[in-house]
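**Q** Sharing model.csv below, CSV, C-alpha atoms:
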chain,number,residue,atom,x,y,z
A,389,MET,CA,9.6,-11.0,15.0
A,390,LEU,CA,9.2,-7.3,15.8
A,391,ARG,CA,12.2,-5.4,17.1
A,392,ILE,CA,11.7,-2.1,18.9
A,393,GLU,CA,13.7,0.2,21.1
A,394,TYR,CA,12.4,0.3,24.7
A,395,ALA,CA,11.8,4.1,24.5
A,396,ASP,CA,9.6,3.6,21.4
A,397,TYR,CA,7.8,0.7,23.0
A,398,GLU,CA,7.0,2.8,26.1
A,399,ALA,CA,6.1,5.8,24.0
A,400,LEU,CA,3.4,3.9,22.1
A,401,ARG,CA,2.0,2.5,25.3
A,402,THR,CA,2.0,6.0,26.9
A,403,HIS,CA,0.1,7.3,23.8
A,404,GLY,CA,-2.7,4.8,24.6
A,405,GLU,CA,-2.9,6.1,28.2
A,406,GLU,CA,-3.0,9.7,27.0
A,407,THR,CA,-6.0,9.1,24.7
A,408,TYR,CA,-7.9,6.8,27.1
A,409,PRO,CA,-10.9,6.2,27.0
A,410,ASN,CA,-10.4,6.7,23.3
A,411,GLU,CA,-8.2,4.6,21.0
A,412,CYS,CA,-4.8,5.9,19.9
A,413,CYS,CA,-3.1,5.1,16.7
A,414,GLY,CA,0.3,5.5,15.0
A,415,VAL,CA,2.7,4.3,12.4
A,416,LEU,CA,5.9,2.2,12.8
A,417,LEU,CA,8.8,3.2,10.6
A,418,GLY,CA,11.8,1.0,10.1
A,419,LYS,CA,13.1,-1.8,8.0
A,420,ASN,CA,12.0,-5.3,7.1
A,421,ILE,CA,15.0,-7.6,7.5
A,422,ALA,CA,15.9,-11.2,7.1
A,423,GLY,CA,13.4,-13.4,5.3
A,424,GLU,CA,10.5,-12.9,3.0
A,425,ALA,CA,8.5,-9.9,3.8
A,426,ASN,CA,5.3,-11.8,4.4
A,427,SER,CA,6.8,-14.7,6.2
A,428,ALA,CA,6.8,-15.4,9.9
A,429,ALA,CA,10.6,-15.6,9.7
A,430,ALA,CA,10.8,-11.9,8.7
A,431,THR,CA,11.7,-9.2,11.2
A,432,ASN,CA,10.2,-5.8,11.2
A,433,HIS,CA,12.8,-3.6,12.9
A,434,VAL,CA,11.2,-0.4,14.2
A,435,ARG,CA,13.5,2.7,14.2
A,436,GLN,CA,10.9,5.4,14.8
A,437,ILE,CA,7.2,5.6,15.8
A,438,VAL,CA,5.0,8.4,14.5
A,439,ARG,CA,1.8,9.4,16.3
A,440,ALA,CA,-1.2,9.8,14.1
A,441,GLY,CA,-4.6,11.3,14.7
A,442,ASN,CA,-7.7,9.2,15.0
A,443,THR,CA,-10.3,10.5,12.6
A,444,ARG,CA,-13.1,8.4,14.0
A,445,THR,CA,-14.3,11.1,16.4
A,446,ASP,CA,-17.8,9.7,16.0
A,447,SER,CA,-16.7,6.5,17.8
A,448,ALA,CA,-13.2,7.0,19.0
A,449,HIS,CA,-13.6,4.7,22.1
A,450,ASN,CA,-13.8,1.6,19.9
A,451,ARG,CA,-12.7,2.6,16.4
A,452,TYR,CA,-9.7,4.2,14.8
A,453,ASN,CA,-8.8,5.4,11.4
A,454,ILE,CA,-5.7,7.2,10.1
A,455,ALA,CA,-6.5,9.8,7.4
A,456,PRO,CA,-4.9,8.7,4.1
A,457,GLN,CA,-3.6,12.2,3.7
A,458,GLU,CA,-1.7,11.8,6.9
A,459,LEU,CA,-0.4,8.4,5.8
A,460,VAL,CA,0.9,9.9,2.6
A,461,ARG,CA,2.8,12.5,4.7
A,462,ILE,CA,4.2,9.8,7.0
A,463,GLN,CA,5.2,7.7,4.0
A,464,ARG,CA,7.0,10.7,2.6
A,465,GLN,CA,8.7,11.3,5.9
A,466,ALA,CA,9.8,7.6,6.0
A,467,ARG,CA,11.2,8.0,2.5
A,468,GLY,CA,13.2,11.0,3.6
A,469,LEU,CA,14.7,9.0,6.4
A,470,GLY,CA,15.5,6.0,4.3
A,471,LEU,CA,12.9,4.0,6.2
A,472,ASP,CA,9.7,2.2,5.3
A,473,ILE,CA,6.3,1.8,6.9
A,474,VAL,CA,6.7,-1.6,8.7
A,475,GLY,CA,3.6,-1.5,10.8
A,476,PHE,CA,1.0,0.3,12.9
A,477,TYR,CA,-0.1,0.5,16.5
A,478,HIS,CA,-3.3,1.2,18.3
A,479,SER,CA,-4.9,0.8,21.7
A,480,HIS,CA,-7.9,-1.2,23.0
A,481,PRO,CA,-9.4,0.8,25.9
A,482,ASP,CA,-10.7,-1.7,28.5
A,483,HIS,CA,-10.5,-4.5,26.0
A,484,PRO,CA,-7.9,-7.3,25.5
A,485,ALA,CA,-4.8,-6.8,23.4
A,486,GLN,CA,-6.1,-9.1,20.7
A,487,TRP,CA,-7.1,-8.3,17.2
A,488,SER,CA,-10.8,-7.9,16.6
A,489,GLN,CA,-12.8,-8.8,13.5
A,490,THR,CA,-12.8,-5.1,12.7
A,491,ASP,CA,-9.0,-5.0,13.0
A,492,PHE,CA,-8.8,-7.9,10.6
A,493,ALA,CA,-11.3,-6.7,8.1
A,494,GLU,CA,-9.6,-3.3,7.9
A,495,ALA,CA,-6.0,-4.7,7.7
A,496,HIS,CA,-4.5,-4.5,4.3
A,497,TRP,CA,-0.8,-4.0,4.8
A,498,LEU,CA,0.5,-7.5,4.2
A,499,GLY,CA,3.9,-8.1,5.8
A,500,CYS,CA,3.4,-5.3,8.3
A,501,SER,CA,3.1,-5.6,12.1
A,502,TYR,CA,0.0,-4.5,14.0
A,503,ILE,CA,0.7,-3.7,17.6
A,504,ILE,CA,-2.2,-3.6,20.0
A,505,THR,CA,-2.0,-2.4,23.6
A,506,SER,CA,-4.8,-3.0,26.1
A,507,ILE,CA,-5.4,0.0,28.3
A,508,GLU,CA,-7.1,-0.9,31.6
A,509,GLN,CA,-8.7,1.9,33.5
A,510,GLY,CA,-6.3,4.3,31.9
A,511,LYS,CA,-3.1,2.3,32.5
A,512,ALA,CA,-1.3,0.4,29.7
A,513,ALA,CA,-1.5,-3.4,30.4
A,514,LEU,CA,-0.6,-6.0,27.8
A,515,THR,CA,1.0,-5.2,24.4
A,516,ASN,CA,0.9,-7.7,21.6
A,517,SER,CA,2.1,-7.7,18.0
A,518,PHE,CA,0.5,-9.5,15.0
A,519,LEU,CA,2.0,-9.9,11.6
A,520,LEU,CA,-0.5,-9.6,8.7
A,521,SER,CA,0.6,-12.6,6.7
A,522,GLY,CA,-0.5,-13.9,3.3
A,523,THR,CA,-0.4,-12.9,-0.3
A,524,GLY,CA,-3.7,-11.1,-0.7
A,525,GLU,CA,-7.2,-10.3,0.7
A,526,ASP,CA,-8.3,-13.9,0.1
A,527,ASP,CA,-5.6,-15.7,2.3
A,528,LYS,CA,-4.5,-13.0,4.7
A,529,LYS,CA,-4.3,-13.8,8.4
A,530,PHE,CA,-2.9,-12.4,11.6
A,531,VAL,CA,-0.1,-14.4,13.1
A,532,ASP,CA,1.2,-13.9,16.7
A,533,GLN,CA,4.5,-12.1,16.5
A,534,ALA,CA,7.2,-12.1,19.2
A,535,ILE,CA,8.4,-8.7,20.3
A,536,GLN,CA,12.1,-8.1,21.0
A,537,ILE,CA,12.6,-5.0,23.0
A,538,ASP,CA,16.1,-3.5,22.7
A,539,ILE,CA,17.2,-1.9,25.9
A,540,ALA,CA,20.9,-1.9,25.4
A,541,SER,CA,21.3,1.4,23.7
A,542,THR,CA,18.7,3.0,25.9
A,543,VAL,CA,20.5,1.8,29.0
A,544,ALA,CA,23.9,2.9,27.5
A,545,ASP,CA,22.5,6.4,26.8
A,546,ALA,CA,21.1,6.7,30.3
A,547,ALA,CA,24.4,5.5,31.8
A,548,ALA,CA,26.3,8.0,29.7
A,549,HIS,CA,23.9,10.7,30.7
A,550,ASN,CA,24.3,9.9,34.4
A,551,GLN,CA,28.1,9.8,34.1
A,552,LYS,CA,28.1,13.2,32.4
A,553,GLY,CA,25.9,14.5,35.1
A,554,GLN,CA,28.4,13.4,37.8
A,555,GLU,CA,31.4,15.0,36.1
B,755,MET,CA,6.0,10.4,-13.5
B,756,ASN,CA,7.0,8.8,-10.2
B,757,ILE,CA,4.7,6.4,-8.4
B,758,HIS,CA,5.3,5.6,-4.8
B,759,ILE,CA,4.5,2.0,-3.9
B,760,PRO,CA,3.5,1.0,-0.3
B,761,THR,CA,5.5,-1.6,1.5
B,762,PRO,CA,3.2,-4.6,0.9
B,763,LEU,CA,3.1,-4.1,-2.9
B,764,ARG,CA,6.8,-3.8,-3.4
B,765,ALA,CA,7.0,-7.6,-3.7
B,766,TYR,CA,5.4,-7.0,-7.1
B,767,THR,CA,7.7,-4.2,-8.3
B,768,GLY,CA,10.9,-6.0,-7.7
B,769,GLY,CA,11.3,-4.3,-4.3
B,770,LEU,CA,11.2,-0.8,-5.8
B,771,GLU,CA,9.7,1.9,-3.6
B,772,THR,CA,9.4,4.3,-6.5
B,773,VAL,CA,8.7,3.4,-10.1
B,774,SER,CA,8.7,5.7,-13.1
B,775,ILE,CA,5.8,5.4,-15.5
B,776,THR,CA,4.7,7.6,-18.4
B,777,GLY,CA,1.1,8.4,-19.3
B,778,ALA,CA,-1.2,11.4,-20.1
B,779,THR,CA,-3.8,10.7,-17.4
B,780,VAL,CA,-4.0,8.9,-14.1
B,781,HIS,CA,-5.9,6.1,-15.9
B,782,ALA,CA,-3.2,5.8,-18.6
B,783,VAL,CA,-0.5,5.7,-16.0
B,784,PHE,CA,-2.3,2.9,-14.1
B,785,GLN,CA,-2.8,1.0,-17.3
B,786,GLN,CA,0.9,1.1,-18.0
B,787,LEU,CA,1.8,0.4,-14.4
B,788,THR,CA,-0.1,-2.9,-14.5
B,789,VAL,CA,1.4,-3.8,-17.9
B,790,THR,CA,4.9,-3.2,-16.5
B,791,TYR,CA,4.1,-4.9,-13.2
B,792,PRO,CA,1.2,-7.3,-14.0
B,793,GLU,CA,1.0,-8.8,-10.5
B,794,LEU,CA,0.0,-5.4,-9.1
B,795,LYS,CA,-3.3,-5.5,-10.9
B,796,GLN,CA,-5.2,-7.9,-8.7
B,797,HIS,CA,-4.1,-6.0,-5.6
B,798,LEU,CA,-5.2,-2.6,-6.9
B,799,PHE,CA,-8.3,-3.4,-8.9
B,800,THR,CA,-11.4,-5.5,-8.5
B,801,PRO,CA,-12.1,-8.2,-11.2
B,802,GLU,CA,-14.5,-5.5,-12.6
B,803,GLY,CA,-11.6,-3.1,-13.0
B,804,LYS,CA,-12.6,-0.7,-10.2
B,805,LEU,CA,-10.0,0.6,-7.8
B,806,ARG,CA,-10.3,-1.5,-4.6
B,807,SER,CA,-12.2,0.4,-1.9
B,808,PHE,CA,-9.3,0.3,0.6
B,809,VAL,CA,-6.7,1.5,-1.9
B,810,ASN,CA,-6.2,5.3,-1.8
B,811,VAL,CA,-4.4,7.0,-4.6
B,812,TYR,CA,-3.1,10.5,-4.2
B,813,LEU,CA,-2.0,12.7,-7.1
B,814,ASN,CA,0.6,14.9,-5.3
B,815,ASP,CA,-1.5,15.9,-2.2
B,816,ASP,CA,-5.0,15.2,-3.7
B,817,ASP,CA,-7.1,12.1,-3.4
B,818,ILE,CA,-8.0,11.2,-7.0
B,819,ARG,CA,-11.5,10.3,-5.9
B,820,TYR,CA,-12.2,14.0,-5.2
B,821,LEU,CA,-10.6,15.3,-8.3
B,822,GLU,CA,-13.2,16.6,-10.9
B,823,ALA,CA,-12.0,14.2,-13.6
B,824,LYS,CA,-11.0,11.5,-11.2
B,825,GLU,CA,-8.9,8.9,-13.0
B,826,GLY,CA,-9.3,10.9,-16.2
B,827,THR,CA,-7.2,13.7,-14.6
B,828,THR,CA,-4.3,14.8,-16.9
B,829,VAL,CA,-0.8,14.5,-15.3
B,830,LYS,CA,2.6,16.0,-15.9
B,831,GLY,CA,6.0,14.2,-15.7
B,832,THR,CA,6.8,16.1,-12.5
B,833,ASP,CA,3.6,15.0,-10.7
B,834,GLU,CA,3.7,12.2,-8.2
B,835,LEU,CA,1.3,9.4,-7.5
B,836,THR,CA,1.2,7.7,-4.1
B,837,ILE,CA,-0.7,4.5,-3.6
B,838,ILE,CA,-1.6,4.1,0.1
B,839,PRO,CA,-3.9,1.3,1.5
B,840,SER,CA,-6.2,2.4,4.3
B,841,ILE,CA,-5.5,1.7,7.9
B,842,ALA,CA,-8.3,1.4,10.4
B,843,GLY,CA,-9.8,-0.9,13.0
B,844,GLY,CA,-10.7,-1.0,16.7
B,845,THR,CA,-12.4,-3.1,19.2
B,846,SER,CA,-15.8,-2.2,17.8
B,847,CYS,CA,-17.7,-4.0,20.4
B,848,CYS,CA,-21.0,-2.9,21.7
B,849,ARG,CA,-20.1,-0.8,24.6
Write the structure described by the file as structure tokens, please.

**A**
Amino acid sequence: MLRIEYADYEALRTHGEETYPNECCGVLLGKNIAGEANSAAATNHVRQIVRAGNTRTDSAHNRYNIAPQELVRIQRQARGLGLDIVGFYHSHPDHPAQWSQTDFAEAHWLGCSYIITSIEQGKAALTNSFLLSGTGEDDKKFVDQAIQIDIASTVADAAAHNQKGQE
Amino acid sequence: MNIHIPTPLRAYTGGLETVSITGATVHAVFQQLTVTYPELKQHLFTPEGKLRSFVNVYLNDDDIRYLEAKEGTTVKGTDELTIIPSIAGGTSCCR
């Protein structure tokens, strides 16, 4: 399962709308909890998302790549926050929210979540998450992963904000 | 020197995010790393001993592939190595 705050979920979908007709990409920071890291029973709990640049300016409408240097910086940022890289997100402009052969061939972060949002005519449509399962390059596979969107704290924050505004 | 391990490979370092390994060069450090944590070897190197194409290694802020001496680069105890698999993809259809 993938757990993510509603605000982060919306933010990664908005990112895809902003970069349309090109693909967006970013990194999910959080913690892997409950269960073996590469098993379907594990939960990747997202605590923060980090936008990344797409270096594939030659074909940004259907390819994405995050510069390794930027990944090093983001991993350092995660370490400073006591978090780990638990996944990535990217968009599929005018294309289904399903992993492609390119996504699969280029996926190497076993145990991590890969979120894909389809952007239809500039608007975020479906968002899916896939867990890269397996023990190595030979047996890796994408597994459909349920997304749990946490709205409680977001709603509570909004309620507190509204209440403060009325005082 | 400290070596930072990416999330997927921590299963082979006992869950450690950072491991401390001594060595005079990047190559020597990697040799010792794979002796200490033998299961890492197949994930980092091809059967021919070459660093896998999707595995990036940074010495501090520099990609070792672009260093003059590459894996032969000498290192200090205060240097840091970061192992970072690549991340890429896309629809890649013929539009």

**Q** For Tyr408 (chain A), list every protein, DNA or RNA residue within 10 Å, evaluated using only C-alpha atoms, and leave out those in the same chain fewer than 2 positions away; present the list as number ranges by chain.

**A** A: 402-406, 410-412, 448-449, 479-482, 507-512

**Q** For a quick test of understanding: name the residues of chain A lying within 7 Å of chain B when counting only C-alpha atoms, and present them as a CSV table (one decimal) with C-alpha atoms, keeping the file's coordinate frame.

**A**
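What follows is the written file result37.csv:
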chain,number,residue,atom,x,y,z
A,450,ASN,CA,-13.8,1.6,19.9
A,451,ARG,CA,-12.7,2.6,16.4
A,452,TYR,CA,-9.7,4.2,14.8
A,453,ASN,CA,-8.8,5.4,11.4
A,454,ILE,CA,-5.7,7.2,10.1
A,456,PRO,CA,-4.9,8.7,4.1
A,460,VAL,CA,0.9,9.9,2.6
A,472,ASP,CA,9.7,2.2,5.3
A,473,ILE,CA,6.3,1.8,6.9
A,480,HIS,CA,-7.9,-1.2,23.0
A,488,SER,CA,-10.8,-7.9,16.6
A,490,THR,CA,-12.8,-5.1,12.7
A,491,ASP,CA,-9.0,-5.0,13.0
A,494,GLU,CA,-9.6,-3.3,7.9
A,495,ALA,CA,-6.0,-4.7,7.7
A,496,HIS,CA,-4.5,-4.5,4.3
A,497,TRP,CA,-0.8,-4.0,4.8
A,498,LEU,CA,0.5,-7.5,4.2
A,499,GLY,CA,3.9,-8.1,5.8

**Q** Write out as JSON, numbers by chain which residues come within 8 Å of Lys830 (chain B) when counting all atoms listed in the file, dropping same-chain ones fewer than 2 positions away.

**A** {"B": [755, 778, 828, 832, 833]}

**Q** Have a look at CA of Pro484 (chain A) and CA of Ala513 (chain A) and let me know their distance in Å, one decimal.

**A**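 About the pair CA of Pro484 (chain A) and CA of Ala513 (chain A): they are 9.0 Å apart.
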
**Q** Hey, can you pull every residue with an atom no more than 10 Å from (-12.1, 6.8, -8.8), using only C-alpha atoms, and send it as a PyMOL selection string?

**A** chain B and resi 780-781+804-807+810-811+817-821+823-826

**Q** Fewer than 2 positions away in the same chain doesn't count, so skip those; otherwise give me all residues within 7 Å of Tyr502 (chain A), counting all atoms listed in the file, as a ChimeraX atom specification.

**A** /A:475-477,500,504,517-519

**Q** List the spatial neighbours of Tyr766 (chain B) as a PyMOL selection string - criterion: any atom at most 8 Å away, all atoms listed in the file, same-chain residues fewer than 4 positions off excluded.

**A** chain B and resi 791+793-794

**Q** To one decimal place, how far is CA of Asp532 (chain A) from CA of Leu520 (chain A) in Å?

**A**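 Spanning CA of Asp532 (chain A) to CA of Leu520 (chain A) is a straight-line distance of 9.2 Å.
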